[in-house]
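See below for start22.txt, which holds compact mmCIF, C-alpha atoms.
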```
# COMPACT_ATOMS: atom_id res chain seq x y z
CA TRP A 156 117.00 -170.14 63.99
CA PHE A 157 120.61 -169.02 63.54
CA VAL A 158 123.07 -167.11 65.71
CA GLY A 159 126.36 -165.44 64.90
CA ASP A 160 127.49 -163.09 62.15
CA GLY A 161 127.76 -163.70 58.44
CA ALA A 162 125.69 -165.60 55.91
CA VAL A 163 123.66 -168.78 56.30
CA CYS A 164 125.17 -171.36 53.94
CA TYR A 165 124.08 -174.76 52.63
CA GLU A 166 125.64 -176.90 55.35
CA ASP A 167 124.23 -174.62 58.06
CA VAL A 168 120.71 -175.37 56.82
CA VAL A 169 121.52 -179.10 56.69
CA ASP A 170 122.70 -178.86 60.31
CA LEU A 171 119.37 -177.25 61.29
CA TYR A 172 117.37 -180.01 59.58
CA ALA A 173 119.60 -182.70 61.13
CA TRP A 174 119.07 -181.33 64.63
CA THR A 175 115.34 -180.69 64.22
CA LEU A 176 114.46 -184.08 62.73
CA HIS A 177 117.10 -186.44 64.13
CA ASN A 178 118.80 -184.64 67.07
CA LYS A 179 122.10 -185.04 65.23
CA ARG A 180 124.71 -182.83 63.65
CA GLY A 181 124.86 -182.68 59.87
CA ASP A 182 127.99 -184.81 59.66
CA GLY A 183 126.32 -187.51 61.78
CA LEU A 184 123.47 -188.26 59.36
CA SER A 185 123.17 -191.59 57.63
CA ARG A 186 123.16 -191.69 53.83
CA THR A 187 119.36 -191.93 53.73
CA GLN A 188 118.96 -189.08 56.21
CA ARG A 189 121.47 -186.94 54.35
CA ARG A 190 119.67 -187.53 51.07
CA ALA A 191 116.36 -186.45 52.65
CA ALA A 192 118.01 -183.34 54.14
CA ASP A 193 119.46 -182.39 50.73
CA GLU A 194 116.00 -182.73 49.18
CA MET A 195 114.55 -180.43 51.83
CA VAL A 196 117.21 -177.80 51.25
CA LEU A 197 116.59 -177.94 47.50
CA LYS A 198 112.85 -177.45 48.07
CA LEU A 199 113.65 -174.47 50.31
CA GLU A 200 115.91 -172.97 47.65
CA ARG A 201 113.15 -173.31 45.05
CA ARG A 202 110.71 -171.71 47.45
CA LEU A 203 113.07 -168.79 48.07
CA GLY A 204 114.08 -168.48 44.41
CA ASP A 205 117.73 -168.41 45.45
CA SER A 206 120.57 -170.78 46.30
CA PHE A 207 122.69 -171.09 49.43
CA SER A 208 126.45 -170.83 49.17
CA ALA A 209 128.27 -174.12 49.61
CA GLY A 210 129.86 -175.10 52.91
CA HIS A 211 129.45 -173.41 56.29
CA GLY A 212 128.99 -169.69 56.85
CA GLY A 213 129.45 -167.55 59.92
CA ARG A 214 126.12 -168.47 61.48
CA THR A 215 125.17 -171.65 63.29
CA PRO A 216 121.71 -173.09 64.04
CA LEU A 217 120.13 -172.90 67.49
CA ALA A 218 120.92 -176.53 68.23
CA TYR A 219 120.66 -175.76 71.93
CA THR A 220 120.37 -179.40 73.01
CA PHE A 221 124.01 -179.92 71.94
CA GLU A 222 125.34 -177.01 73.98
CA ASP A 223 126.93 -177.10 77.42
CA LEU A 224 125.14 -175.50 80.34
CA GLN A 225 126.35 -171.99 81.04
CA PRO A 226 127.89 -171.01 84.41
CA TYR A 227 125.42 -169.36 86.77
CA TYR A 228 127.22 -167.40 89.47
CA LYS A 229 125.00 -166.46 92.41
CA PRO A 230 125.49 -166.42 96.18
CA LEU A 231 124.48 -169.57 98.05
CA ALA A 232 121.88 -167.46 99.85
CA TRP A 233 120.15 -166.81 96.52
CA PHE A 234 119.92 -170.53 95.70
CA LEU A 235 118.57 -171.28 99.19
CA PHE A 236 115.98 -168.50 98.87
CA GLN A 237 114.94 -169.75 95.44
CA TYR A 238 114.61 -173.30 96.72
CA TRP A 239 112.62 -172.16 99.75
CA CYS A 240 110.16 -170.28 97.52
CA THR A 241 109.55 -173.20 95.15
CA CYS A 242 109.99 -176.39 97.18
CA THR A 243 107.06 -178.73 97.76
CA PRO A 244 106.89 -178.32 101.59
CA VAL A 245 106.42 -174.55 101.28
CA THR A 246 103.88 -175.05 98.49
CA ALA A 247 102.02 -177.47 100.79
CA LEU A 248 101.93 -174.87 103.58
CA VAL A 249 100.17 -172.48 101.19
CA LEU A 250 97.83 -174.87 99.37
CA ARG A 251 96.70 -177.34 102.04
CA PRO A 252 94.82 -174.71 104.13
CA GLN A 253 92.84 -173.96 100.95
CA GLY A 254 91.72 -177.58 100.68
CA PHE A 255 94.31 -178.91 98.22
CA VAL A 256 95.71 -182.43 98.55
CA LEU A 257 98.69 -183.89 96.67
CA ARG A 258 97.93 -186.73 94.26
CA ARG A 259 99.70 -188.60 91.46
CA ALA A 260 98.69 -189.50 87.91
CA GLY A 261 101.29 -191.58 86.14
CA ALA A 262 104.61 -189.73 86.18
CA LEU A 263 102.97 -186.45 87.26
CA GLN A 264 102.08 -185.15 90.69
CA TYR A 265 99.26 -182.66 91.03
CA TRP A 266 97.39 -180.70 93.67
CA HIS A 267 93.63 -181.31 93.83
CA ARG A 268 91.01 -179.14 95.49
CA PRO A 269 87.80 -181.24 95.51
CA ALA A 270 84.59 -179.63 94.34
CA ARG A 271 82.69 -177.88 97.10
CA ASP A 272 79.37 -178.86 95.59
CA PRO A 273 79.87 -181.81 93.22
CA ASP A 274 77.44 -181.71 90.31
CA GLY A 275 79.45 -183.14 87.43
CA SER A 276 80.91 -179.88 86.16
CA ALA A 277 84.24 -179.84 84.35
CA PRO A 278 87.36 -179.44 86.52
CA LEU A 279 89.51 -176.34 86.16
CA VAL A 280 93.20 -177.09 85.47
CA PHE A 281 96.02 -174.55 85.84
CA CYS A 282 99.41 -175.30 84.21
CA HIS A 283 102.10 -173.15 85.78
CA GLY A 284 105.04 -171.51 84.06
CA VAL A 285 108.65 -171.23 85.18
CA GLY A 286 109.13 -171.38 88.95
CA GLY A 287 106.48 -173.94 89.84
CA GLN A 288 103.49 -172.93 91.94
CA GLY A 289 105.54 -170.39 93.95
CA PRO A 290 105.04 -167.35 91.67
CA TYR A 291 101.35 -168.29 91.34
CA PHE A 292 100.30 -168.50 95.00
CA ILE A 293 98.05 -165.45 94.53
CA LEU A 294 96.51 -167.00 91.44
CA CYS A 295 96.01 -170.35 93.21
CA ARG A 296 94.13 -168.56 95.98
CA THR A 297 92.08 -166.70 93.37
CA LEU A 298 91.16 -170.02 91.75
CA ALA A 299 90.24 -171.57 95.09
CA THR A 300 88.01 -168.66 96.08
CA SER A 301 86.48 -168.14 92.64
CA TYR A 302 85.53 -171.63 91.45
CA THR A 303 83.44 -174.18 93.33
CA GLY A 304 84.27 -177.14 91.07
CA ASP A 305 87.34 -179.38 91.12
CA ILE A 306 90.64 -177.51 90.74
CA LEU A 307 93.74 -179.33 89.50
CA LEU A 308 97.29 -177.96 89.66
CA PRO A 309 99.75 -180.32 87.90
CA MET A 310 103.41 -180.01 88.88
CA PHE A 311 106.02 -179.83 86.10
CA THR A 312 109.25 -180.28 88.03
CA SER A 313 111.52 -179.69 85.02
CA SER A 314 110.51 -175.99 84.93
CA SER A 315 109.79 -175.52 88.63
CA MET A 316 113.26 -174.56 89.88
CA VAL A 317 112.79 -176.95 92.81
CA THR A 318 116.20 -178.62 92.65
CA PRO A 319 118.37 -177.80 95.70
CA PRO A 320 121.75 -176.26 94.78
CA TRP A 321 123.61 -179.31 96.07
CA ARG A 322 121.84 -181.77 93.73
CA GLU A 323 121.83 -182.39 90.00
CA PRO A 324 118.52 -181.74 88.23
CA PRO A 325 116.40 -184.91 87.99
CA PRO A 326 115.59 -186.39 84.58
CA CYS A 327 112.75 -184.52 82.94
CA VAL A 328 109.41 -186.22 82.46
CA THR A 329 109.14 -186.98 78.76
CA PRO A 330 106.41 -185.37 76.61
CA ALA A 331 104.67 -188.74 76.27
CA GLU A 332 104.70 -189.25 80.06
CA THR A 333 103.45 -185.69 80.61
CA VAL A 334 100.54 -186.12 78.21
CA ALA A 335 99.67 -189.53 79.67
CA GLY A 336 99.67 -188.10 83.20
CA LEU A 337 97.48 -185.15 82.22
CA LYS A 338 95.04 -187.45 80.44
CA GLU A 339 94.81 -189.77 83.46
CA MET A 340 94.30 -186.77 85.76
CA VAL A 341 91.45 -185.40 83.65
CA SER A 342 89.82 -188.83 83.25
CA ARG A 343 89.83 -189.23 87.02
CA HIS A 344 88.04 -185.95 87.81
CA ALA A 345 86.09 -184.92 84.68
CA PRO A 346 82.52 -186.06 84.03
CA PRO A 347 82.26 -189.20 81.85
CA GLY A 348 83.11 -188.38 78.26
CA GLY A 349 83.91 -184.78 79.14
CA GLY A 350 87.04 -182.67 79.27
CA ALA A 351 88.44 -180.00 81.56
CA LEU A 352 88.78 -176.23 81.48
CA TRP A 353 92.43 -175.33 81.00
CA LEU A 354 94.36 -172.24 82.03
CA GLY A 355 98.06 -172.11 81.10
CA HIS A 356 100.77 -169.52 81.51
CA SER A 357 104.05 -169.26 79.58
CA ILE A 358 105.63 -172.72 79.32
CA GLY A 359 102.49 -174.12 80.93
CA CYS A 360 100.78 -173.39 77.61
CA ALA A 361 103.22 -175.83 75.99
CA TRP A 362 101.90 -178.69 78.13
CA VAL A 363 98.33 -177.73 77.20
CA ALA A 364 99.36 -177.66 73.52
CA ALA A 365 100.88 -181.16 73.77
CA LEU A 366 97.63 -182.47 75.26
CA VAL A 367 95.51 -180.73 72.61
CA ARG A 368 97.53 -182.41 69.87
CA ALA A 369 97.38 -185.88 71.45
CA HIS A 370 94.01 -185.97 73.24
CA SER A 371 91.84 -183.04 72.21
CA GLU A 372 88.82 -184.68 73.88
CA CYS A 373 90.36 -183.79 77.25
CA VAL A 374 90.07 -180.05 76.52
CA ALA A 375 86.62 -178.48 76.85
CA ALA A 376 87.92 -174.89 76.77
CA ALA A 377 91.34 -173.26 77.13
CA THR A 378 92.88 -169.94 78.09
CA PHE A 379 96.49 -169.22 77.11
CA VAL A 380 98.29 -166.38 78.94
CA ASP A 381 101.69 -165.27 77.58
CA PRO A 382 101.73 -168.43 75.43
CA ILE A 383 104.92 -169.83 73.95
CA CYS A 384 103.20 -172.59 71.94
CA PHE A 385 102.00 -170.37 69.08
CA GLY A 386 104.79 -169.61 66.61
CA LEU A 387 107.27 -171.83 68.43
CA PHE A 388 108.57 -172.95 65.04
CA HIS A 389 109.89 -169.42 64.43
CA GLY A 390 112.81 -169.75 66.82
CA LYS A 391 112.40 -166.28 68.26
CA ILE A 392 110.96 -167.53 71.55
CA LEU A 393 113.93 -169.79 72.28
CA HIS A 394 116.32 -167.12 71.03
CA ASN A 395 114.80 -164.51 73.36
CA PHE A 396 114.93 -166.82 76.36
CA LEU A 397 118.30 -168.51 75.87
CA TYR A 398 120.44 -166.30 73.64
CA ALA A 399 119.25 -162.69 73.33
CA ARG A 400 121.37 -160.04 74.98
CA VAL A 401 119.93 -156.70 76.04
CA SER A 402 121.32 -153.86 73.94
CA GLY A 403 120.99 -150.10 74.08
CA GLY A 404 118.20 -148.08 72.52
CA GLY A 405 114.47 -148.62 72.57
CA THR A 406 112.16 -148.43 75.57
CA ILE A 407 114.05 -148.62 78.86
CA ALA A 408 111.53 -150.53 81.00
CA PRO A 409 111.20 -153.64 78.76
CA LYS A 410 114.97 -153.88 78.43
CA TRP A 411 115.46 -153.79 82.19
CA TYR A 412 112.75 -156.43 82.59
CA HIS A 413 114.49 -158.61 80.00
CA ARG A 414 117.78 -158.13 81.83
CA LEU A 415 116.21 -159.24 85.13
CA GLN A 416 114.65 -162.23 83.37
CA GLN A 417 118.04 -163.32 82.10
CA PHE A 418 119.77 -162.65 85.42
CA PHE A 419 117.36 -164.53 87.66
CA VAL A 420 115.55 -167.03 85.43
CA SER A 421 117.14 -167.96 82.09
CA GLY A 422 120.48 -168.96 83.59
CA ALA A 423 119.17 -171.09 86.47
CA PRO A 424 120.86 -174.53 86.20
CA ASP A 425 117.70 -176.65 86.31
CA LEU A 426 115.96 -174.42 83.76
CA GLN A 427 118.99 -174.58 81.48
CA TYR A 428 118.92 -178.36 81.85
CA CYS A 429 115.21 -178.37 81.01
CA PHE A 430 115.50 -176.20 77.90
CA ARG A 431 118.95 -177.12 76.60
CA LYS A 432 118.77 -180.87 77.17
CA GLN A 433 115.11 -181.90 77.39
CA PHE A 434 113.00 -179.44 75.38
CA TRP A 435 112.24 -180.07 71.70
CA TRP A 436 110.04 -177.39 70.20
CA THR A 437 108.39 -179.83 67.77
CA HIS A 438 106.57 -181.50 70.67
CA TYR A 439 104.91 -178.32 71.91
CA VAL A 440 104.16 -176.13 68.89
CA LEU A 441 100.45 -175.52 68.29
CA SER A 442 98.68 -174.13 65.25
CA PRO A 443 95.52 -172.06 65.84
CA SER A 444 93.68 -174.42 63.48
CA GLN A 445 94.37 -177.29 65.91
CA LEU A 446 92.32 -175.73 68.72
CA PRO A 447 89.36 -178.10 69.24
CA CYS A 448 87.30 -175.82 71.45
CA ALA A 449 86.57 -172.26 72.50
CA ALA A 450 89.81 -170.51 73.42
CA LEU A 451 91.02 -167.22 74.87
CA VAL A 452 94.58 -166.00 74.19
CA ILE A 453 95.95 -163.17 76.33
CA LEU A 454 99.13 -161.44 75.14
CA SER A 455 101.33 -158.93 76.97
CA GLU A 456 102.40 -155.78 75.14
CA TYR A 457 105.98 -155.91 76.45
CA ASP A 458 106.48 -159.68 76.36
CA THR A 459 110.23 -160.35 76.36
CA VAL A 460 109.84 -164.03 75.38
CA ALA A 461 107.20 -164.42 72.67
CA ASP A 462 106.93 -162.47 69.44
CA VAL A 463 103.55 -160.99 70.37
CA GLY A 464 103.26 -158.91 67.20
CA TRP A 465 103.47 -161.95 64.94
CA VAL A 466 101.33 -164.13 67.24
CA SER A 467 98.65 -161.45 67.46
CA HIS A 468 98.59 -161.09 63.67
CA VAL A 469 98.24 -164.83 63.01
CA LEU A 470 95.62 -165.37 65.71
CA SER A 471 93.61 -162.36 64.55
CA GLN A 472 93.50 -163.82 61.05
CA ARG A 473 92.28 -167.13 62.46
CA LYS A 474 89.71 -165.27 64.57
CA ARG A 475 87.99 -164.02 61.41
CA ARG A 476 87.14 -167.62 60.50
CA ASP A 477 86.61 -168.95 64.04
CA SER A 478 84.10 -167.16 66.26
CA THR A 479 85.10 -169.29 69.29
CA LEU A 480 88.60 -167.77 69.42
CA ARG A 481 89.24 -164.58 71.42
CA VAL A 482 92.51 -162.65 71.37
CA GLU A 483 93.33 -159.88 73.85
CA MET A 484 96.40 -157.66 74.05
CA ARG A 485 97.05 -156.29 77.55
CA ASP A 486 98.66 -152.86 77.28
CA GLY A 487 101.60 -152.26 79.60
CA TRP A 488 101.90 -155.89 80.67
CA TYR A 489 105.17 -157.83 80.80
CA HIS A 490 105.67 -161.58 80.59
CA GLY A 491 104.39 -162.88 83.94
CA ALA A 492 102.59 -159.72 85.03
CA VAL A 493 99.44 -161.77 85.60
CA CYS A 494 101.11 -163.37 88.65
CA PHE A 495 100.83 -160.11 90.59
CA LEU A 496 97.44 -158.75 89.51
CA PRO A 497 94.58 -160.37 91.48
CA ALA A 498 91.90 -158.27 89.76
CA ALA A 499 93.13 -159.40 86.34
CA GLN A 500 93.29 -162.99 87.59
CA ARG A 501 89.63 -162.88 88.63
CA THR A 502 88.71 -161.55 85.20
CA ILE A 503 90.69 -164.33 83.49
CA VAL A 504 89.03 -167.01 85.62
CA ARG A 505 85.62 -165.54 84.81
CA ASP A 506 86.40 -165.45 81.09
CA THR A 507 87.73 -169.02 81.15
CA LEU A 508 84.54 -170.28 82.74
CA ALA A 509 82.48 -168.28 80.28
CA LEU A 510 84.13 -170.13 77.39
CA SER A 511 82.26 -173.27 78.41
CA GLY A 512 79.22 -171.56 79.89
CA SER A 513 80.08 -172.79 83.40
CA PRO A 514 78.18 -170.85 86.10
CA ARG A 515 80.17 -172.20 89.04
CA VAL A 516 81.63 -168.95 90.34
CA VAL A 517 81.64 -167.50 93.84
CA HIS A 518 80.48 -163.87 94.05
CA THR A 519 81.37 -161.79 97.11
CA ALA A 520 79.09 -159.30 98.81
CA ALA A 521 81.09 -156.47 97.26
CA GLY A 522 80.14 -157.70 93.82
CA LYS A 523 83.65 -158.82 92.97
CA TRP A 524 84.85 -162.28 92.07
```
Hey, can you dump this file as structure tokens for me?
Amino acid sequence: WFVGDGAVCYEDVVDLYAWTLHNKRGDGLSRTQRRAADEMVLKLERRLGDSFSAGHGGRTPLAYTFEDLQPYYKPLAWFLFQYWCTCTPVTALVLRPQGFVLRRAGALQYWHRPARDPDGSAPLVFCHGVGGQGPYFILCRTLATSYTGDILLPMFTSSSMVTPPWREPPPCVTPAETVAGLKEMVSRHAPPGGGALWLGHSIGCAWVAALVRAHSECVAAATFVDPICFGLFHGKILHNFLYARVSGGGTIAPKWYHRLQQFFVSGAPDLQYCFRKQFWWTHYVLSPSQLPCAALVILSEYDTVADVGWVSHVLSQRKRRDSTLRVEMRDGWYHGAVCFLPAAQRTIVRDTLALSGSPRVVHTAAGKW
């Protein structure tokens, strides 16, 4: 949770507590808040069996919501291409021929493909990652051709990169508004008293996590692909996405992938606005013990965002006590590889449906999904 060189000192830890709990700097705390922060630091020192040096050191906390947006120099043609790939009219051209219609639930808009043969089965919900539905057009088609029940595709504009280059990013939908919209959406299409089947990717898993924490009854089963919600309290995920710089050494391919991620994604103005001004990790962190249903977690070996080694270890320990939890590590995958692998997508849809025992799958004559 700290960047820079040197030691972490007492006031640096106070600054981290002040930002995490109150969205303030350490010198902006009230007397009561400062007293509580001091007590927390003392507890931490007792836990560590050591004391922090007084004052500030050479390292500062990742208080990214206080930081200015970084310049993002790209040709106008790049911004226009990005907007064309992610804007709602283009998404409509792709989804409407597959039977999707645009609806609204509270502050959220979502695409709905009605069930082909309504029988009261749970709807299947996909929560997209960075870039909106654009990078997931193949997956959306896979969902539409694989599942005969209701399919719901909520739109999270704050991480969709849909803002034209000549406009400022719109205000982000708050976590409370997001959860309320998802709950209303599920209540509208799920059977009475039932939940939905959830499939999330990357930051989309954070929205699923927020719903699990607030309204677990809305989640009948869940699949998390490249999740950022597990271990979000570690700080490594935000550090990898916002701060990490690619250095020499190590495996070449993952480093080049990380470089491309930073060049094309991490610096985008609307994504910076989303993460640096509107994203508080405490709203989206999820403990494995909070999962209320059968769940599948799919990790990528070369994930350049999440700490897959730590996440795999923690989830595997939980798996020993929870037979409804499955954890899979996909060798050779990078963060987002699932977007371009239709065969893997069909397998993930099949496994998601199997979590709840749903039989509503379309089989082709070739025996494939």
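Ranking A:Thr215, A:Ser471, A:Ser371, A:Thr318 by their shortest atom-to-atom distance to Gly181 of chain A, with all atoms listed in the file included, puts A:Thr215 first.
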Students should find that atom CA of Ser185 of chain A and atom CA of His211 of chain A are spaced 19.3 Å
Within 12 Å of Asp205 of chain A using all atoms listed in the file, minus same-chain residues under 6 positions, as a CSV table (one decimal) with C-alpha atoms, keeping the file's coordinate frame:
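Dumped to out34.csv:
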```csv
chain,number,residue,atom,x,y,z
A,164,CYS,CA,125.2,-171.4,53.9
A,165,TYR,CA,124.1,-174.8,52.6
A,196,VAL,CA,117.2,-177.8,51.2
A,197,LEU,CA,116.6,-177.9,47.5
A,198,LYS,CA,112.8,-177.4,48.1
A,199,LEU,CA,113.6,-174.5,50.3
```
Tell me, counting only C-alpha atoms, for each residue of segment 287-311 of chain A within 10 Å of segment 497-503 of chain A, which pair of atoms is nearest and how far apart they are in Å to one decimal, in rows ordered by chain and increasing number, as a Markdown table.
```
| residue | atom | partner | partner_atom | distance |
| --- | --- | --- | --- | --- |
| A:Ile293 | CA | A:Pro497 | CA | 6.9 |
| A:Leu294 | CA | A:Gln500 | CA | 6.4 |
| A:Cys295 | CA | A:Gln500 | CA | 9.7 |
| A:Arg296 | CA | A:Pro497 | CA | 9.4 |
| A:Thr297 | CA | A:Arg501 | CA | 6.6 |
| A:Leu298 | CA | A:Arg501 | CA | 7.9 |
| A:Thr300 | CA | A:Arg501 | CA | 9.6 |
| A:Ser301 | CA | A:Arg501 | CA | 7.3 |
```
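Here atom CA of Glu166 of chain A stands at a distance of 13.3 Å from atom CA of Lys179 of chain A.
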If we count only C-alpha atoms, what is near Arg343 of chain A at a cut-off of 9 Å, once residues fewer than 4 positions away on the same chain are taken out, given as a tab-separated table (two decimals) with C-alpha atoms, in the coordinates of the input?
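Saved as out_8.tsv:
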```tsv
chain	number	residue	atom	x	y	z
A	260	ALA	CA	98.69	-189.50	87.91
A	338	LYS	CA	95.04	-187.45	80.44
A	339	GLU	CA	94.81	-189.77	83.46
```
Using all atoms listed in the file and a cutoff of 9 Å, can you tell me which residues are near (101.6, -174.8, 70.6) in the file's coordinates, and write them out as a list in words? Cys360, Ala361, Trp362, Val363, Ala364, Ala365, Val367, Arg368, Pro382, Ile383, Cys384, Phe385, Gly386, Leu387, Trp436, Thr437, His438, Tyr439, Val440, Leu441, Ser442, Pro443 and Gln445 of chain A
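Nearest residue to Ser455 of chain A, choosing from A:Ser421, A:Ser314, A:Thr329, A:Ser467 and counting all atoms listed in the file: A:Ser467.
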Counting only C-alpha atoms, write as JSON, numbers by chain all protein and nucleic acid residues lying at most 12 Å from (99.5, -168.2, 90.8) in the file's frame. {"A": [246, 249, 250, 281, 282, 283, 284, 285, 286, 287, 288, 289, 290, 291, 292, 293, 294, 295, 296, 297, 298, 299, 308, 354, 355, 356, 359, 491, 492, 493, 494, 495, 496, 497, 499, 500, 501, 504]}
